[in-house]
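Visitor: Submitted below is the structure of interest, expressed as C-alpha cells.
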Amino acid sequence: MKVEDKVMDLAKRRGFVWGPSPNIYHGGLKGFYDWGPLGKLLKNKVENVLRHGFTSFSFWEVECPTIMPKKVWEASGHLEGFSDPISKCLKCDSYFRVDSVINEKYPDLDVEGLNTEKLREIVDKKKIKCQCGGDLGSIENFDMMMKTKIGMDQEAYLRPETATTTYLLYPEYFRFFRTKLPFGVFQIGKAYRNEISPRQSVFRTREFTQAEAQLFILKDQEKKYEKINDYADEVLPLIKHDSKSIKRVKLKDIVKEKYMKKEAYAYMVYVAYKLYKDMGFDEKKIRIIQHSPDKLAFYADDAWDIEINTDRYGWIELCGVHDRKDYDLKRHAEYSKTKMQVSGETPRILEIAMGVERTTYALLENSLVEDKEREWLDFDKGMAPIDVAIFPLMKKEGMDDLAKEVFIDLDKEFICNYDDSGSIGRRYRRMDEIGTSFCITVDHDSVKNGDVTVREIATMSQVRVKVSELKSVFRELLNGDLKFERIK
Ligand SMILES: [Zn+2]
C-alpha cells in the first residue's frame with residue numbers, strides 16, 4: 001500500500017475521518033466529512049496551537065454568525081465574482097469544473113482565473129472530453145455561494161469565508177482598541193462553498209473550518225513595522241513568483257531584498273509560518289510561495305501561500321497571506337453607509353487565511369512513520385490526539401484501582417485514555433498506531449512502592465516515575481521543556 005492510502009486507511013479504521021457524510025444514506029454526499037473521536041481531538045490540538053499562537057502575537061479572537069444577508073455579499077464582491085467555470089457532459093450529464101478537468105490531463109497548463117472563452121478554446125484545441133467520451137457542453141460561471149432564507153423571504157447566504165464577517169465589526173473594534181491602529185483580530189469557524197465536483201477528500205470540501213486573522217493598519221504604518229525586530233533573524237523559505245527555487249531569507253532582509261514591499265506584511269507571513277512550525281511540521285516540508293501578479297485579485301497588492309509537501313497531493317496550499325489594501329472597508333462603508341475612516345483614511349487589511357481540516361490532514365499524513373518493528377504516528381510533543389494512555393497490568397490486586405486514580409488525576413490536565421483490555425504489548429501497539437505520546441503501566445510494584453512505568457512512543461524506552469510526580473513530569477515533557485532521557 002502507498003503511504004497516502006495507508007493514511008486514509010488508518011484515518012477510517014481508527015476514527016480520524018469518516019465519510020463522505022452521511023454515509024448510511026447512499027454512501028453520503030461528496031464534499032462532506034465527519035471527524036471521528038481521534039480526528040476531532042487532533043483538530044482541537046491544531047486549533048489550540050492557532051488560538052494560542054495568534055493570541056501570543058496580540059490578535060484577539062471573535063466569533064460571528066455564519067449566515068449574512070445578501071447585501072453583505074454584494075458589498076464584499078462575492079455575489080459578482082465568486083464562481084467556478086462549469087460544464088456539463090453532453091452524453092452522461094455529469095457536471096465538471098472545467099479548469100480541473102483540463103489540469104487533470106495537462107497539469108502544467110496554467111488555467112487558473114481564465115475566462116470562459118479562453119477555457120473553451122483550450123477544451124476544443126486539446127480535444128478534452130468527459131471520462132465517458134462525451135463532449136463538454138457550454139462553459140458557464142457557476143456561483144459557489146450556498147443560498148438560504150431568513151424568516152419568510154429575506155435572501156441570505158452561508159458565508160464562503162470567515163473573513164468578511166470579521167471585517168463588519170470594524171466600528172466596534174475601533175472603540176474596543178481605544179481608537180488606536182494597528183490592531184489584530186482572528187476568527188476560527190465554519191465556512192461553506194458549493195464546489196461542483198469536490199474530489200480531493202478532506203482537502204476540498206463544501207463545509208470547512210477556517211482560521212483567519214486580520215491586521216487593521218494605516219498606510220504609513222505598513223512600510224516600517226517595529227514588531228519584526230523581535231523576530232529579525234528568523235529565516236523564511238521563500239519562492240518568488242518568477243523563481244523555481246527556495247531562498248532562505250531572514251525576516252529583517254525580506255523588504256530590503258525586495259521579496260515583499262511592506263514590513264507589516266512580511267510580519268504576517270512570519271506569524272503564519274511560525275504557527276505551522278509550532279504544529280510540528282518539518283521545516284523541509286514547508287515553503288512559502290508568491291502568487292503571480294497577473295493572478296492577483298484586482299484589489300490585492302500581494303499574496304503568498306504556505307504550502308506543505310504531502311505524499312497524496314504533492315505540495316498543497318494550507319494557508320494564504322493576503323494584502324487586501326483598503327478594498328474591504330471601503331466597500332462595506334459604501335454599502336452600509338457607515339463611516340470607517342481614521343482622519344480621512346480608510347484602514348487597510350493584511351490577512352492570514354488557513355484551512356483547518358487541510359492542515360489537520362497534512363499533519364496526520366506527515367506524521368506517519370514506518371520502521372522495521374511498527375507503523376506509528378510521530379507527532380510533535382503535545383500534538384498527539386491522546387497525550388497519555390494509562391494501563392493497569394491486570395484488573396486485580398489494586399492495580400486497576402490505582403490506575404483509575406492516576407487516570408482521573410491526569411485527565412484533569414491532559415488528554416488521557418484508560419485501557420485495560422488485551423496484553424500490554426497489544427495495548428502499546430494500539431496506542432503507537434494513533435500516536436499517543438506516552439503510556440503508563442501500573443503493575444504489582446506500583447501498588448507497593450507508589451511508582452509506575454512510563455514509556456515514550458518515539459524510542460519505546462521506559463522509566464519509573466513516582467505517581468506523585470507524574471503531573472509535573474508530563475507538563476514538562478508535553479511542552480518540550482524536558483527530554484524523556486533526562487528523567488531521573
Ligand atoms: Zn460523460
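Note on naming: chains are A, B, ... as they come in the C-alpha cells, residues start from 1 per chain, ligands start from 1 in the order shown.
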Quick one: everything within 12 Å of Lys256 in chain A, counting only C-alpha atoms, minus sequence neighbours fewer than 5 positions away in the same chain. Send it as an NGL selection string.

Guide: :A and (223-224 or 249-251 or 261-263 or 266)

Visitor: Output C-alpha atoms of each residue in that selection to a file, as a compact mmCIF listing (two decimals), in the first residue's frame.

Guide:
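Heads up, here's the output in selection39.txt:
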# COMPACT_ATOMS: atom_id res chain seq x y z
CA LYS A 223 6.29 50.06 5.44
CA LYS A 224 8.24 50.14 8.69
CA VAL A 249 15.70 34.81 3.83
CA LYS A 250 15.89 36.47 7.24
CA LEU A 251 12.77 38.39 8.23
CA LYS A 261 7.09 45.58 -0.15
CA LYS A 262 5.98 46.14 3.44
CA GLU A 263 7.41 45.06 6.78
CA ALA A 266 6.29 40.28 5.98

Visitor: Applying 8 Å and only C-alpha atoms, which residues near range 153-160 of chain A remain after dropping the ones on its own chain fewer than 4 positions away? List them as a compact mmCIF listing (two decimals) with all heavy atoms, in the first residue's frame.

Guide:
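To be explicit, this is the file written out as around24.txt:
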# COMPACT_ATOMS: atom_id res chain seq x y z
N THR A 66 -22.63 32.67 10.87
CA THR A 66 -22.18 32.10 9.61
C THR A 66 -23.15 32.43 8.47
O THR A 66 -22.90 32.11 7.32
CB THR A 66 -22.06 30.56 9.71
OG1 THR A 66 -23.34 30.04 10.06
CG2 THR A 66 -21.04 30.14 10.73
N ILE A 67 -24.28 33.06 8.78
CA ILE A 67 -25.25 33.46 7.74
C ILE A 67 -25.34 34.98 7.73
O ILE A 67 -25.41 35.61 8.79
CB ILE A 67 -26.64 32.86 8.04
CG1 ILE A 67 -26.56 31.33 7.98
CG2 ILE A 67 -27.68 33.38 7.04
CD1 ILE A 67 -27.85 30.63 8.35
N MET A 68 -25.28 35.55 6.54
CA MET A 68 -25.35 37.00 6.40
C MET A 68 -26.31 37.34 5.25
O MET A 68 -26.40 36.59 4.27
CB MET A 68 -23.96 37.56 6.05
CG MET A 68 -22.96 37.48 7.18
SD MET A 68 -23.11 38.90 8.28
CE MET A 68 -22.34 38.25 9.76
N PRO A 69 -27.02 38.48 5.35
CA PRO A 69 -27.95 38.85 4.28
C PRO A 69 -27.24 39.14 2.97
O PRO A 69 -26.04 39.42 2.94
CB PRO A 69 -28.61 40.12 4.84
CG PRO A 69 -27.67 40.63 5.87
CD PRO A 69 -26.97 39.44 6.45
N LYS A 70 -28.01 39.09 1.89
CA LYS A 70 -27.48 39.26 0.54
C LYS A 70 -26.62 40.51 0.37
O LYS A 70 -25.57 40.47 -0.27
CB LYS A 70 -28.68 39.33 -0.41
CG LYS A 70 -28.32 39.29 -1.87
CD LYS A 70 -29.58 39.28 -2.73
CE LYS A 70 -29.21 39.31 -4.20
NZ LYS A 70 -30.40 39.44 -5.04
N TRP A 73 -22.92 40.33 0.83
CA TRP A 73 -22.15 39.64 -0.20
C TRP A 73 -22.11 40.42 -1.51
O TRP A 73 -21.24 40.20 -2.35
CB TRP A 73 -22.68 38.21 -0.41
CG TRP A 73 -22.76 37.50 0.90
CD1 TRP A 73 -23.88 37.13 1.57
CD2 TRP A 73 -21.66 37.13 1.75
NE1 TRP A 73 -23.56 36.55 2.77
CE2 TRP A 73 -22.20 36.54 2.91
CE3 TRP A 73 -20.27 37.26 1.66
CZ2 TRP A 73 -21.41 36.07 3.96
CZ3 TRP A 73 -19.47 36.78 2.70
CH2 TRP A 73 -20.05 36.20 3.83
N MET A 145 -21.73 30.27 -3.89
CA MET A 145 -22.30 30.59 -2.58
C MET A 145 -23.49 29.68 -2.28
O MET A 145 -24.29 29.36 -3.15
CB MET A 145 -22.78 32.03 -2.59
CG MET A 145 -21.69 33.01 -2.95
SD MET A 145 -20.95 33.68 -1.50
CE MET A 145 -22.25 34.79 -1.02
N MET A 146 -23.64 29.27 -1.01
CA MET A 146 -24.79 28.47 -0.59
C MET A 146 -25.88 29.43 -0.13
O MET A 146 -25.69 30.20 0.80
CB MET A 146 -24.40 27.57 0.58
CG MET A 146 -23.36 26.54 0.21
SD MET A 146 -24.10 24.92 0.14
CE MET A 146 -22.62 23.90 0.25
N LYS A 147 -27.02 29.31 -0.78
CA LYS A 147 -28.10 30.25 -0.54
C LYS A 147 -29.05 29.71 0.52
O LYS A 147 -29.29 28.51 0.61
CB LYS A 147 -28.87 30.44 -1.85
CG LYS A 147 -29.67 31.69 -1.92
CD LYS A 147 -30.20 31.89 -3.34
CE LYS A 147 -30.98 33.19 -3.40
NZ LYS A 147 -31.40 33.49 -4.76
N THR A 148 -29.62 30.62 1.30
CA THR A 148 -30.65 30.22 2.27
C THR A 148 -31.63 31.38 2.45
O THR A 148 -31.54 32.38 1.74
CB THR A 148 -30.02 29.76 3.60
OG1 THR A 148 -31.05 29.25 4.43
CG2 THR A 148 -29.31 30.89 4.32
N LYS A 149 -32.56 31.21 3.37
CA LYS A 149 -33.58 32.23 3.57
C LYS A 149 -33.67 32.54 5.05
O LYS A 149 -33.60 31.65 5.88
CB LYS A 149 -34.93 31.69 3.08
CG LYS A 149 -35.67 32.66 2.23
CD LYS A 149 -36.84 32.09 1.45
CE LYS A 149 -37.63 31.00 2.09
NZ LYS A 149 -38.68 30.45 1.24
N THR A 165 -17.20 38.34 7.55
CA THR A 165 -17.98 38.57 8.77
C THR A 165 -17.13 39.27 9.83
O THR A 165 -17.63 40.04 10.63
CB THR A 165 -18.57 37.25 9.32
OG1 THR A 165 -17.51 36.35 9.69
CG2 THR A 165 -19.45 36.56 8.29
N ALA A 191 -17.14 27.65 7.23
CA ALA A 191 -17.48 28.38 6.01
C ALA A 191 -17.96 27.35 4.99
O ALA A 191 -17.71 26.15 5.15
CB ALA A 191 -16.28 29.14 5.49
N TYR A 192 -18.65 27.82 3.95
CA TYR A 192 -19.32 26.90 3.01
C TYR A 192 -19.09 27.33 1.57
O TYR A 192 -19.22 28.51 1.25
CB TYR A 192 -20.82 26.89 3.29
CG TYR A 192 -21.14 26.57 4.73
CD1 TYR A 192 -21.09 27.58 5.71
CD2 TYR A 192 -21.45 25.28 5.12
CE1 TYR A 192 -21.35 27.29 7.04
CE2 TYR A 192 -21.71 24.98 6.45
CZ TYR A 192 -21.66 25.99 7.41
OH TYR A 192 -21.91 25.70 8.72
N ARG A 193 -18.76 26.38 0.72
CA ARG A 193 -18.63 26.67 -0.70
C ARG A 193 -19.25 25.53 -1.49
O ARG A 193 -18.92 24.37 -1.27
CB ARG A 193 -17.16 26.82 -1.10
CG ARG A 193 -16.56 28.09 -0.55
CD ARG A 193 -15.13 28.29 -0.96
NE ARG A 193 -14.58 29.38 -0.14
CZ ARG A 193 -13.32 29.78 -0.16
NH1 ARG A 193 -12.46 29.19 -0.96
NH2 ARG A 193 -12.93 30.77 0.61

Visitor: Show me which residues line ligand 1, defined as having an atom within 8 Å of a ligand atom where only C-alpha atoms and all ligand atoms count, and present them as a PyMOL selection string.

Guide: chain A and resi 88-94+129-136

Visitor: The selected residues should be written to file as an mmCIF file, in the first residue's frame (atoms: N, CA, C and O atoms).

Guide:
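Wrote again.cif, looks like this:
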data_model
loop_
_atom_site.group_PDB
_atom_site.id
_atom_site.type_symbol
_atom_site.label_atom_id
_atom_site.label_comp_id
_atom_site.auth_asym_id
_atom_site.auth_seq_id
_atom_site.Cartn_x
_atom_site.Cartn_y
_atom_site.Cartn_z
ATOM 1 N N LYS A 88 -21.255 20.780 -18.606
ATOM 2 C CA LYS A 88 -21.976 19.521 -18.437
ATOM 3 C C LYS A 88 -21.617 18.611 -19.618
ATOM 4 O O LYS A 88 -21.557 19.068 -20.762
ATOM 5 N N CYS A 89 -21.379 17.321 -19.318
ATOM 6 C CA CYS A 89 -21.107 16.364 -20.391
ATOM 7 C C CYS A 89 -22.398 16.152 -21.192
ATOM 8 O O CYS A 89 -23.451 15.892 -20.621
ATOM 9 N N LEU A 90 -22.279 16.252 -22.515
ATOM 10 C CA LEU A 90 -23.483 16.154 -23.360
ATOM 11 C C LEU A 90 -24.000 14.720 -23.462
ATOM 12 O O LEU A 90 -25.127 14.480 -23.866
ATOM 13 N N LYS A 91 -23.131 13.765 -23.069
ATOM 14 C CA LYS A 91 -23.548 12.367 -23.179
ATOM 15 C C LYS A 91 -24.095 11.808 -21.846
ATOM 16 O O LYS A 91 -25.179 11.248 -21.812
ATOM 17 N N CYS A 92 -23.312 11.987 -20.736
ATOM 18 C CA CYS A 92 -23.723 11.353 -19.472
ATOM 19 C C CYS A 92 -24.287 12.345 -18.448
ATOM 20 O O CYS A 92 -24.612 11.972 -17.330
ATOM 21 N N ASP A 93 -24.358 13.630 -18.809
ATOM 22 C CA ASP A 93 -24.962 14.646 -17.947
ATOM 23 C C ASP A 93 -24.180 14.964 -16.659
ATOM 24 O O ASP A 93 -24.716 15.599 -15.759
ATOM 25 N N SER A 94 -22.906 14.497 -16.536
ATOM 26 C CA SER A 94 -22.130 14.859 -15.342
ATOM 27 C C SER A 94 -21.681 16.318 -15.455
ATOM 28 O O SER A 94 -21.437 16.806 -16.558
ATOM 29 N N LYS A 129 -12.336 15.771 -23.290
ATOM 30 C CA LYS A 129 -13.679 15.178 -23.207
ATOM 31 C C LYS A 129 -13.946 14.627 -21.811
ATOM 32 O O LYS A 129 -13.056 14.541 -20.974
ATOM 33 N N CYS A 130 -15.176 14.244 -21.573
ATOM 34 C CA CYS A 130 -15.572 13.579 -20.328
ATOM 35 C C CYS A 130 -14.958 12.176 -20.298
ATOM 36 O O CYS A 130 -14.581 11.635 -21.330
ATOM 37 N N GLN A 131 -14.873 11.592 -19.080
ATOM 38 C CA GLN A 131 -14.348 10.222 -18.958
ATOM 39 C C GLN A 131 -15.142 9.229 -19.801
ATOM 40 O O GLN A 131 -14.620 8.239 -20.294
ATOM 41 N N CYS A 132 -16.439 9.508 -20.008
ATOM 42 C CA CYS A 132 -17.295 8.598 -20.775
ATOM 43 C C CYS A 132 -17.083 8.777 -22.279
ATOM 44 O O CYS A 132 -17.665 8.051 -23.079
ATOM 45 N N GLY A 133 -16.282 9.781 -22.661
ATOM 46 C CA GLY A 133 -16.026 10.012 -24.075
ATOM 47 C C GLY A 133 -16.895 11.104 -24.671
ATOM 48 O O GLY A 133 -16.692 11.529 -25.809
ATOM 49 N N GLY A 134 -17.878 11.586 -23.868
ATOM 50 C CA GLY A 134 -18.791 12.619 -24.354
ATOM 51 C C GLY A 134 -18.126 13.988 -24.461
ATOM 52 O O GLY A 134 -17.110 14.252 -23.821
ATOM 53 N N ASP A 135 -18.712 14.866 -25.286
ATOM 54 C CA ASP A 135 -18.209 16.233 -25.427
ATOM 55 C C ASP A 135 -18.707 17.105 -24.278
ATOM 56 O O ASP A 135 -19.763 16.853 -23.706
ATOM 57 N N LEU A 136 -17.897 18.155 -23.970
ATOM 58 C CA LEU A 136 -18.310 19.091 -22.921
ATOM 59 C C LEU A 136 -19.209 20.169 -23.527
ATOM 60 O O LEU A 136 -18.883 20.756 -24.555
#

Visitor: Just to confirm, what's the straight-line distance from CA of Val98 in chain A to CA of Pro20 in chain A in Å (one decimal)?

Guide: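 These atoms are spaced 23.2 Å apart.
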
Visitor: What's the 7 Å shell around Asp378 in chain A, counting only C-alpha atoms, without same-chain residues fewer than 3 positions away, as a PDB file with N, CA, C and O atoms, in the first residue's frame?

Guide:
ATOM      1  N   SER A 367       2.971  12.733   9.692  1.00  0.00           N
ATOM      2  CA  SER A 367       3.433  12.100  10.934  1.00  0.00           C
ATOM      3  C   SER A 367       3.616  10.589  10.829  1.00  0.00           C
ATOM      4  O   SER A 367       4.186   9.971  11.723  1.00  0.00           O
ATOM      5  N   LEU A 368       3.124   9.993   9.758  1.00  0.00           N
ATOM      6  CA  LEU A 368       3.192   8.528   9.656  1.00  0.00           C
ATOM      7  C   LEU A 368       4.629   8.045   9.450  1.00  0.00           C
ATOM      8  O   LEU A 368       5.326   8.512   8.555  1.00  0.00           O
ATOM      9  N   VAL A 369       5.056   7.137  10.315  1.00  0.00           N
ATOM     10  CA  VAL A 369       6.409   6.591  10.233  1.00  0.00           C
ATOM     11  C   VAL A 369       6.315   5.071  10.178  1.00  0.00           C
ATOM     12  O   VAL A 369       5.520   4.455  10.890  1.00  0.00           O
ATOM     13  N   GLY A 435      -0.505   7.351  17.649  1.00  0.00           N
ATOM     14  CA  GLY A 435       0.463   8.394  18.006  1.00  0.00           C
ATOM     15  C   GLY A 435       0.467   8.853  19.449  1.00  0.00           C
ATOM     16  O   GLY A 435       1.040   9.905  19.758  1.00  0.00           O
ATOM     17  N   ALA A 458       8.354   7.441  20.812  1.00  0.00           N
ATOM     18  CA  ALA A 458       9.384   7.527  19.776  1.00  0.00           C
ATOM     19  C   ALA A 458      10.491   6.498  19.972  1.00  0.00           C
ATOM     20  O   ALA A 458      10.910   5.828  19.035  1.00  0.00           O
TER      21      ALA A 458
END

Visitor: What's the 12 Å shell around Lys471 in chain A, counting only C-alpha atoms, without same-chain residues fewer than 5 positions away, as a PyMOL selection string?

Guide: chain A and resi 388+406-414+465-466+476-478

Visitor: From the options A:Gln290, A:Asn417, A:Thr459, A:Asn115, which residue's atoms come nearest to Gly81 in chain A, counting only C-alpha atoms?

Guide: A:Asn115

Visitor: Could you tell me, as a PyMOL selection string, which residues of range 243-444 of chain A DSSP assigns to strand (DSSP E) when given the backbone?

Guide: chain A and resi 247-250+286-290+302-310+314-323+348-355+368-370+375-377+388-392+416-418+438-442

Visitor: Identify, on the basis of only C-alpha atoms, every residue whose closest approach to Tyr270 in chain A does not exceed 10 Å; exclude the query and any residue fewer than 6 positions from it along the same chain; express the result as a PyMOL selection string.

Guide: chain A and resi 228+231+234-236+251+264+276+288+321

Visitor: Nearest to Met268 in chain A among A:Asp323, A:Glu283, A:Glu226, A:Glu317, with distances taken over only C-alpha atoms: which residue is it?

Guide: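 For Met268 in chain A, the nearest of the given residues is A:Asp323.
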
Visitor: Of the candidates A:Leu482, A:Leu38, A:Leu363, A:Met8, which shows the shortest atom-to-atom distance to Gly280 in chain A, using only C-alpha atoms?

Guide: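 Among the listed residues, the smallest separation from Gly280 in chain A belongs to A:Leu363.
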